[in-house]
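Below is one structure, written out as structure tokens; comments come after it.
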Amino acid sequence: MPNKSQIQILNDPKFVIWDLEFPALNCHKFNGETLQTVRQQIIELLTDGEMDVRQLSREVGIKEKEVYEHLTHISRSLAARRRKINIRPSECLKCGYVFEDRKRFTRPGRCPRCRESHIINPSFKIT
Ligand SMILES: [Zn+2]
């Protein structure tokens, strides 16, 4: 069943654009026989294991800021398939405060308890 937003280009079945919402962010990479968008790579990485934004950015080869944008979109598209991104919340390195109520993907700037800014990145896993 083809994805609705999937279109083929260059009359080549291997070259497929999967999604047109953030065309600038969809840098295509050719890995052997498969052509994956950055977003598909992120989904696969987070299905296989838990990672934070820094690791994802290094693994996929894009900026951390772009990873956040992709995560926001991925969480919406996963919801339609009854899957979701699980977030391990940020934690303060100084006092151990856990940012449990934070629903956003980005790291908080400062700890509300001790005012320190040494905060561990939240990490993600898709289930
Ligand atoms: Zn703290």
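Identifiers in the structure tokens: chain A, B, ... in order shown; residue index from 1 per chain; ligand index from 1 in order shown.
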What are the closest atom pairs, with distances in Å to one decimal, for each residue of chain A lying within 9 Å of ligand 1, using only C-alpha atoms and all ligand atoms, rows by chain and rising residue number, as a Markdown table?
| residue | atom | partner | partner_atom_place_in_ligand_line | distance |
| --- | --- | --- | --- | --- |
| A:Glu91 | CA | ligand 1 | 1 (Zn) | 7.9 |
| A:Cys92 | CA | ligand 1 | 1 (Zn) | 4.6 |
| A:Leu93 | CA | ligand 1 | 1 (Zn) | 6.6 |
| A:Lys94 | CA | ligand 1 | 1 (Zn) | 5.1 |
| A:Cys95 | CA | ligand 1 | 1 (Zn) | 4.1 |
| A:Gly96 | CA | ligand 1 | 1 (Zn) | 5.9 |
| A:Tyr97 | CA | ligand 1 | 1 (Zn) | 5.2 |
| A:Val98 | CA | ligand 1 | 1 (Zn) | 8.5 |
| A:Arg110 | CA | ligand 1 | 1 (Zn) | 7.8 |
| A:Cys111 | CA | ligand 1 | 1 (Zn) | 4.6 |
| A:Pro112 | CA | ligand 1 | 1 (Zn) | 6.7 |
| A:Arg113 | CA | ligand 1 | 1 (Zn) | 5.2 |
| A:Cys114 | CA | ligand 1 | 1 (Zn) | 4.1 |
| A:Arg115 | CA | ligand 1 | 1 (Zn) | 6.0 |
| A:Glu116 | CA | ligand 1 | 1 (Zn) | 5.5 |
| A:Ser117 | CA | ligand 1 | 1 (Zn) | 7.7 |
| A:His118 | CA | ligand 1 | 1 (Zn) | 7.9 |
| A:Ile119 | CA | ligand 1 | 1 (Zn) | 7.9 |
### Query
Per DSSP on the backbone, what are the alpha helix (DSSP H) residues of range 45-86 of chain A, as an MDAnalysis selection string?
chainID A and resid 45:48 53:60 64:79
May I have the selected residues written with N, CA and C atoms, as a PDB file, in the first residue's frame?
ATOM      1  N   LEU A  45      16.065   4.150  14.001  1.00  0.00           N
ATOM      2  CA  LEU A  45      17.013   4.213  15.118  1.00  0.00           C
ATOM      3  C   LEU A  45      16.288   4.151  16.458  1.00  0.00           C
ATOM      4  N   LEU A  46      15.165   4.883  16.553  1.00  0.00           N
ATOM      5  CA  LEU A  46      14.439   4.942  17.826  1.00  0.00           C
ATOM      6  C   LEU A  46      13.585   3.708  18.066  1.00  0.00           C
ATOM      7  N   THR A  47      13.333   2.934  17.019  1.00  0.00           N
ATOM      8  CA  THR A  47      12.632   1.659  17.199  1.00  0.00           C
ATOM      9  C   THR A  47      13.616   0.622  17.729  1.00  0.00           C
ATOM     10  N   ASP A  48      14.859   0.721  17.252  1.00  0.00           N
ATOM     11  CA  ASP A  48      15.902  -0.225  17.674  1.00  0.00           C
ATOM     12  C   ASP A  48      16.415   0.047  19.081  1.00  0.00           C
ATOM     13  N   VAL A  53      18.934  13.549  21.400  1.00  0.00           N
ATOM     14  CA  VAL A  53      19.019  14.343  20.176  1.00  0.00           C
ATOM     15  C   VAL A  53      20.459  14.457  19.668  1.00  0.00           C
ATOM     16  N   ARG A  54      21.400  14.517  20.583  1.00  0.00           N
ATOM     17  CA  ARG A  54      22.790  14.631  20.155  1.00  0.00           C
ATOM     18  C   ARG A  54      23.222  13.382  19.378  1.00  0.00           C
ATOM     19  N   GLN A  55      22.839  12.218  19.900  1.00  0.00           N
ATOM     20  CA  GLN A  55      23.187  10.968  19.227  1.00  0.00           C
ATOM     21  C   GLN A  55      22.497  10.870  17.869  1.00  0.00           C
ATOM     22  N   LEU A  56      21.221  11.252  17.831  1.00  0.00           N
ATOM     23  CA  LEU A  56      20.474  11.200  16.570  1.00  0.00           C
ATOM     24  C   LEU A  56      21.098  12.133  15.537  1.00  0.00           C
ATOM     25  N   SER A  57      21.462  13.324  15.981  1.00  0.00           N
ATOM     26  CA  SER A  57      22.034  14.306  15.083  1.00  0.00           C
ATOM     27  C   SER A  57      23.348  13.792  14.481  1.00  0.00           C
ATOM     28  N   ARG A  58      24.142  13.119  15.296  1.00  0.00           N
ATOM     29  CA  ARG A  58      25.408  12.572  14.819  1.00  0.00           C
ATOM     30  C   ARG A  58      25.168  11.387  13.873  1.00  0.00           C
ATOM     31  N   GLU A  59      24.242  10.534  14.267  1.00  0.00           N
ATOM     32  CA  GLU A  59      23.960   9.313  13.501  1.00  0.00           C
ATOM     33  C   GLU A  59      23.398   9.621  12.111  1.00  0.00           C
ATOM     34  N   VAL A  60      22.477  10.577  12.057  1.00  0.00           N
ATOM     35  CA  VAL A  60      21.785  10.868  10.800  1.00  0.00           C
ATOM     36  C   VAL A  60      22.506  11.953  10.002  1.00  0.00           C
ATOM     37  N   GLU A  64      20.990  19.415  15.480  1.00  0.00           N
ATOM     38  CA  GLU A  64      20.083  19.050  16.581  1.00  0.00           C
ATOM     39  C   GLU A  64      18.721  19.741  16.434  1.00  0.00           C
ATOM     40  N   LYS A  65      18.761  21.001  16.012  1.00  0.00           N
ATOM     41  CA  LYS A  65      17.529  21.761  15.810  1.00  0.00           C
ATOM     42  C   LYS A  65      16.616  21.057  14.799  1.00  0.00           C
ATOM     43  N   GLU A  66      17.215  20.490  13.772  1.00  0.00           N
ATOM     44  CA  GLU A  66      16.428  19.776  12.759  1.00  0.00           C
ATOM     45  C   GLU A  66      15.850  18.477  13.315  1.00  0.00           C
ATOM     46  N   VAL A  67      16.625  17.831  14.211  1.00  0.00           N
ATOM     47  CA  VAL A  67      16.127  16.600  14.825  1.00  0.00           C
ATOM     48  C   VAL A  67      14.825  16.890  15.578  1.00  0.00           C
ATOM     49  N   TYR A  68      14.777  18.013  16.323  1.00  0.00           N
ATOM     50  CA  TYR A  68      13.565  18.364  17.064  1.00  0.00           C
ATOM     51  C   TYR A  68      12.378  18.542  16.133  1.00  0.00           C
ATOM     52  N   GLU A  69      12.604  19.190  14.994  1.00  0.00           N
ATOM     53  CA  GLU A  69      11.505  19.382  14.050  1.00  0.00           C
ATOM     54  C   GLU A  69      11.005  18.045  13.513  1.00  0.00           C
ATOM     55  N   HIS A  70      11.952  17.163  13.212  1.00  0.00           N
ATOM     56  CA  HIS A  70      11.561  15.839  12.726  1.00  0.00           C
ATOM     57  C   HIS A  70      10.787  15.080  13.801  1.00  0.00           C
ATOM     58  N   LEU A  71      11.235  15.145  15.040  1.00  0.00           N
ATOM     59  CA  LEU A  71      10.570  14.415  16.126  1.00  0.00           C
ATOM     60  C   LEU A  71       9.122  14.869  16.293  1.00  0.00           C
ATOM     61  N   THR A  72       8.919  16.180  16.180  1.00  0.00           N
ATOM     62  CA  THR A  72       7.567  16.712  16.309  1.00  0.00           C
ATOM     63  C   THR A  72       6.667  16.106  15.233  1.00  0.00           C
ATOM     64  N   HIS A  73       7.167  16.061  14.016  1.00  0.00           N
ATOM     65  CA  HIS A  73       6.379  15.506  12.924  1.00  0.00           C
ATOM     66  C   HIS A  73       6.200  13.990  13.062  1.00  0.00           C
ATOM     67  N   ILE A  74       7.286  13.318  13.447  1.00  0.00           N
ATOM     68  CA  ILE A  74       7.225  11.863  13.602  1.00  0.00           C
ATOM     69  C   ILE A  74       6.188  11.467  14.647  1.00  0.00           C
ATOM     70  N   SER A  75       6.136  12.211  15.744  1.00  0.00           N
ATOM     71  CA  SER A  75       5.191  11.845  16.805  1.00  0.00           C
ATOM     72  C   SER A  75       3.760  11.941  16.298  1.00  0.00           C
ATOM     73  N   ARG A  76       3.496  12.912  15.425  1.00  0.00           N
ATOM     74  CA  ARG A  76       2.149  13.034  14.863  1.00  0.00           C
ATOM     75  C   ARG A  76       1.832  11.884  13.913  1.00  0.00           C
ATOM     76  N   SER A  77       2.797  11.535  13.063  1.00  0.00           N
ATOM     77  CA  SER A  77       2.506  10.470  12.106  1.00  0.00           C
ATOM     78  C   SER A  77       2.438   9.099  12.780  1.00  0.00           C
ATOM     79  N   LEU A  78       3.170   8.935  13.877  1.00  0.00           N
ATOM     80  CA  LEU A  78       3.111   7.658  14.596  1.00  0.00           C
ATOM     81  C   LEU A  78       1.767   7.476  15.296  1.00  0.00           C
ATOM     82  N   ALA A  79       1.210   8.577  15.778  1.00  0.00           N
ATOM     83  CA  ALA A  79      -0.067   8.511  16.497  1.00  0.00           C
ATOM     84  C   ALA A  79      -1.137   7.871  15.628  1.00  0.00           C
TER      85      ALA A  79
END
### Query
Interatomic distance between CA of Met51 in chain A and CA of Phe124 in chain A?
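Separating CA of Met51 in chain A from CA of Phe124 in chain A is a distance of 5.5 Å.
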### Task
Take CA of Asp52 in chain A and CA of Ile126 in chain A and report the distance between them in Å, one decimal.
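Separating CA of Asp52 in chain A from CA of Ile126 in chain A is a distance of 12.1 Å.
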### Query
Expressed in Å to a single decimal, how great is the separation between CA of Arg83 in chain A and CA of Arg104 in chain A?
17.4 Å
### Task
Using backbone DSSP assignments, extract all strand (DSSP E or B) residues from range 23-124 of chain A; output them as a VMD selection string.
chain A and resid 29 to 31 34 to 36 51 to 52 85 to 88 91 to 92 98 119 to 120 123 to 124
